[in-house]
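Remarks on the structure that follows.
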Amino acid sequence: MIIFQNKIMDRSEVSIDIEDRGYQFGDGVYEVIRIYDGKLFEMEGHMKRLERSAGEIELSLPFPASEIIYSIKELIKHNNIKDGHVYMQITRGASSRNHPFPDNATPVLTAYTKEYEENPSATTEGIKALLADDIRWLRCDIKSLNLLGNVLGKQKAKDNGYDETIFHRGDTVTEGSSTNVFIVNNGQLVTHPATNLILNGITRKVVIDLAQNMSIPVREEEFTIDELLSADEVFITSTTIEVAPVTQINNTVLNDGKTGEVTRKLQEAFKNRISKVINKNEEIKTGD
Ligand code: PMP
């Protein structure tokens, strides 16, 4: 079963208009929320970001966030999802194809769950990343459906036998094609500030919070390709891969190909944070 216009329906009963603006223009926004043991992780942070993304493209949520979450929880129960994620998207709706916003289109909400057969965060071996020019638009802070730059980046990595692409604008490292990037130097974390040039990842925020609780200094500052390649440790974060060590970038092997000490500590702290959610009846609140 899936969600269409906030109702739980059979997927085969749902039809999307070929002139839906999400389909034709990528005119919409989306979110992915991780499910651990049937519970939503960092749900509030994701819903706030969805509302923000929608607002930035002058779209209002067609249903209140609380009602969307209510339906999503029902869907999770209905589909009996233990570990996986829920994907949701909102488009500006269907209208005769024309670039300006239509006057009378009804935004379309869809959501579906995905169950993980294998935990995608089994990242102990580390990942290999390829550097690539960040050719995306200048509003990467909006989680919009326009992911072509990210898709091309990821494909380039795959074609060359890498797992992820790390983007740079000139000399400045921004983020991965579907992840945020952290470097570790002398026990300190550095990650690109949450500007228009990156998506302010929910996992990024959790990791910054965990680091601060562990008295690991965090600097949200730009860093260069040279600093990336010469860092003590590098790791990437996202909802699906959580905290993953990067052990190779292009031909440079980092930290002898091993997971660094700080990365390992943060992975452990992240697991503890998940356990808190699993052991609670309700989701942990993010606070912002
Ligand atoms: N940057 C980009 C470009 C992404 O697509 C993602 C994944 N949504 C992230 C960062 C990580 O964000 P989050 O931790 O919220 O999954």
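Going by the structure tokens order, chains are called A, B, ..., each with residues numbered from 1, while ligands are numbered from 1 in the order shown.
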**Request:** Please give me, as a ChimeraX atom specification, the residues lying within 10 Å of ligand 1 when counting only C-alpha atoms and all ligand atoms.
**Result:** /A:30-34,42,45-46,49,136,140-144,147,149-151,166-167,174-181,197-207,236-243
Would you mind exporting the chosen residues as a compact mmCIF listing (two decimals), in the first residue's frame, restricted to N, CA and C atoms?
```txt
# COMPACT_ATOMS: atom_id res chain seq x y z
N TYR A 30 10.84 16.73 -1.69
CA TYR A 30 10.69 15.39 -1.14
C TYR A 30 11.45 15.24 0.17
N GLU A 31 11.22 14.15 0.83
CA GLU A 31 11.95 13.78 2.05
C GLU A 31 12.09 12.26 2.12
N VAL A 32 13.11 11.83 2.81
CA VAL A 32 13.28 10.41 3.10
C VAL A 32 13.52 10.30 4.60
N ILE A 33 12.66 9.55 5.28
CA ILE A 33 12.83 9.38 6.74
C ILE A 33 13.13 7.91 7.02
N ARG A 34 14.15 7.70 7.82
CA ARG A 34 14.56 6.34 8.14
C ARG A 34 13.61 5.72 9.17
N GLU A 42 14.23 10.88 13.73
CA GLU A 42 14.39 12.32 13.47
C GLU A 42 13.25 12.88 12.61
N GLY A 45 12.71 16.80 12.44
CA GLY A 45 13.70 17.50 11.61
C GLY A 45 13.38 17.35 10.13
N HIS A 46 13.00 16.15 9.74
CA HIS A 46 12.67 15.91 8.33
C HIS A 46 11.43 16.70 7.91
N ARG A 49 12.21 20.31 7.55
CA ARG A 49 12.95 20.57 6.31
C ARG A 49 12.01 20.51 5.11
N ARG A 136 25.78 21.57 -10.03
CA ARG A 136 24.37 21.75 -9.69
C ARG A 136 23.99 23.24 -9.58
N CYS A 140 21.05 24.29 -3.53
CA CYS A 140 21.16 22.89 -3.09
C CYS A 140 20.58 22.68 -1.69
N ASP A 141 20.25 23.79 -1.01
CA ASP A 141 19.62 23.69 0.33
C ASP A 141 18.17 23.24 0.23
N ILE A 142 17.58 23.35 -0.97
CA ILE A 142 16.19 22.91 -1.15
C ILE A 142 16.21 21.44 -1.57
N LYS A 143 15.45 20.62 -0.85
CA LYS A 143 15.42 19.20 -1.21
C LYS A 143 14.38 19.04 -2.33
N SER A 144 14.78 19.47 -3.52
CA SER A 144 13.84 19.49 -4.64
C SER A 144 13.96 18.21 -5.46
N LEU A 147 17.17 16.38 -9.43
CA LEU A 147 18.38 15.74 -8.91
C LEU A 147 19.34 15.34 -10.02
N GLY A 149 21.91 16.76 -11.50
CA GLY A 149 23.34 16.93 -11.19
C GLY A 149 23.82 15.85 -10.23
N ASN A 150 22.99 15.52 -9.25
CA ASN A 150 23.35 14.48 -8.27
C ASN A 150 23.38 13.10 -8.96
N VAL A 151 22.40 12.87 -9.82
CA VAL A 151 22.31 11.59 -10.52
C VAL A 151 23.54 11.40 -11.42
N ILE A 166 32.21 13.07 -4.49
CA ILE A 166 32.30 14.25 -3.62
C ILE A 166 32.47 15.46 -4.54
N PHE A 167 31.53 16.41 -4.40
CA PHE A 167 31.53 17.58 -5.28
C PHE A 167 32.43 18.69 -4.74
N THR A 174 32.08 20.75 -1.35
CA THR A 174 30.73 21.07 -0.89
C THR A 174 30.11 19.87 -0.16
N GLU A 175 29.70 18.86 -0.92
CA GLU A 175 29.06 17.69 -0.30
C GLU A 175 29.11 16.53 -1.29
N GLY A 176 28.59 15.39 -0.87
CA GLY A 176 28.52 14.24 -1.77
C GLY A 176 27.27 14.32 -2.63
N SER A 177 27.15 13.39 -3.60
CA SER A 177 25.97 13.44 -4.48
C SER A 177 24.69 13.11 -3.71
N SER A 178 24.80 12.37 -2.61
CA SER A 178 23.63 12.14 -1.76
C SER A 178 24.05 12.07 -0.29
N THR A 179 25.11 12.77 0.05
CA THR A 179 25.64 12.71 1.42
C THR A 179 26.30 14.05 1.79
N ASN A 180 26.48 14.28 3.09
CA ASN A 180 27.32 15.39 3.55
C ASN A 180 28.71 14.86 3.88
N VAL A 181 29.70 15.74 3.77
CA VAL A 181 31.09 15.33 3.94
C VAL A 181 31.71 16.01 5.17
N LEU A 197 24.72 26.13 -0.80
CA LEU A 197 25.51 25.21 -1.63
C LEU A 197 25.43 23.75 -1.22
N ILE A 198 24.79 23.49 -0.06
CA ILE A 198 24.63 22.09 0.34
C ILE A 198 23.23 21.86 0.90
N LEU A 199 22.85 20.58 0.95
CA LEU A 199 21.64 20.22 1.67
C LEU A 199 22.03 20.09 3.14
N ASN A 200 21.29 20.76 4.00
CA ASN A 200 21.58 20.67 5.44
C ASN A 200 21.04 19.33 5.94
N GLY A 201 21.88 18.32 5.88
CA GLY A 201 21.45 16.95 6.18
C GLY A 201 20.98 16.80 7.62
N ILE A 202 19.96 15.99 7.79
CA ILE A 202 19.47 15.71 9.15
C ILE A 202 20.53 14.88 9.89
N THR A 203 21.16 13.95 9.18
CA THR A 203 22.21 13.14 9.80
C THR A 203 23.40 14.02 10.16
N ARG A 204 23.71 14.98 9.28
CA ARG A 204 24.77 15.96 9.55
C ARG A 204 24.50 16.66 10.89
N LYS A 205 23.24 17.09 11.07
CA LYS A 205 22.89 17.80 12.30
C LYS A 205 23.02 16.89 13.52
N VAL A 206 22.58 15.64 13.36
CA VAL A 206 22.68 14.68 14.48
C VAL A 206 24.15 14.47 14.84
N VAL A 207 24.99 14.32 13.82
CA VAL A 207 26.42 14.07 14.07
C VAL A 207 27.07 15.28 14.75
N ILE A 236 31.28 10.40 5.53
CA ILE A 236 30.09 11.00 4.93
C ILE A 236 28.88 10.56 5.73
N THR A 237 27.82 11.35 5.63
CA THR A 237 26.61 11.04 6.41
C THR A 237 25.36 11.16 5.54
N SER A 238 24.40 10.30 5.82
CA SER A 238 23.06 10.45 5.23
C SER A 238 22.09 9.56 5.96
N THR A 239 20.82 9.79 5.70
CA THR A 239 19.75 9.02 6.31
C THR A 239 19.94 7.52 6.07
N THR A 240 20.31 7.15 4.88
CA THR A 240 20.43 5.71 4.59
C THR A 240 21.77 5.12 5.02
N ILE A 241 22.87 5.83 4.79
CA ILE A 241 24.16 5.21 5.15
C ILE A 241 24.66 5.60 6.54
N GLU A 242 23.92 6.48 7.20
CA GLU A 242 24.28 6.94 8.56
C GLU A 242 25.65 7.62 8.55
N VAL A 243 26.66 7.01 9.21
CA VAL A 243 28.01 7.61 9.23
C VAL A 243 28.96 6.60 8.58
```
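Residues lying within 12 Å of A:Asn79, counting only C-alpha atoms and ignoring same-chain neighbours fewer than 5 positions away, are Met1, Ile2, Ile3, Ile8, Met9, Asp10, Gly38, Ile72, Lys73, Glu74, Gly84, His85, Val86, Tyr112, Thr113, Lys114 and Glu115 of chain A.
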**Prompt:** Pick from A:Glu51, A:Asn6, A:Asn186, A:Pro107: nearest to A:Ile69, with only C-alpha atoms counted?
**Reply:** A:Asn6
**Asked** Using only C-alpha atoms, which residues sit within 9 Å of A:Tyr36 once same-chain residues fewer than 6 positions away are excluded, as a ChimeraX atom specification?
**Response** /A:81-85,274-275,277-278
**Message:** I'd like the contact shell of stretch 21-29 of chain A - 12 Å cut-off, only C-alpha atoms, skipping same-chain residues fewer than 6 positions apart - returned as a PyMOL selection string.
**Reply:** chain A and resi 46-47+49-61+87-102+105-111+140-148
**Message:** Based on the backbone DSSP call, show me all residues of stretch 127-265 of chain A assigned helix (DSSP H, G or I), as a PyMOL selection string.
**Reply:** chain A and resi 148-159+202-213+225-229+255-257+261-265
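One finds atom CA of A:Leu189 at 6.1 Å from atom CA of A:Arg219.
Between atom CA of A:Asp226 and atom CA of A:Glu268 the separation is 28.3 Å.
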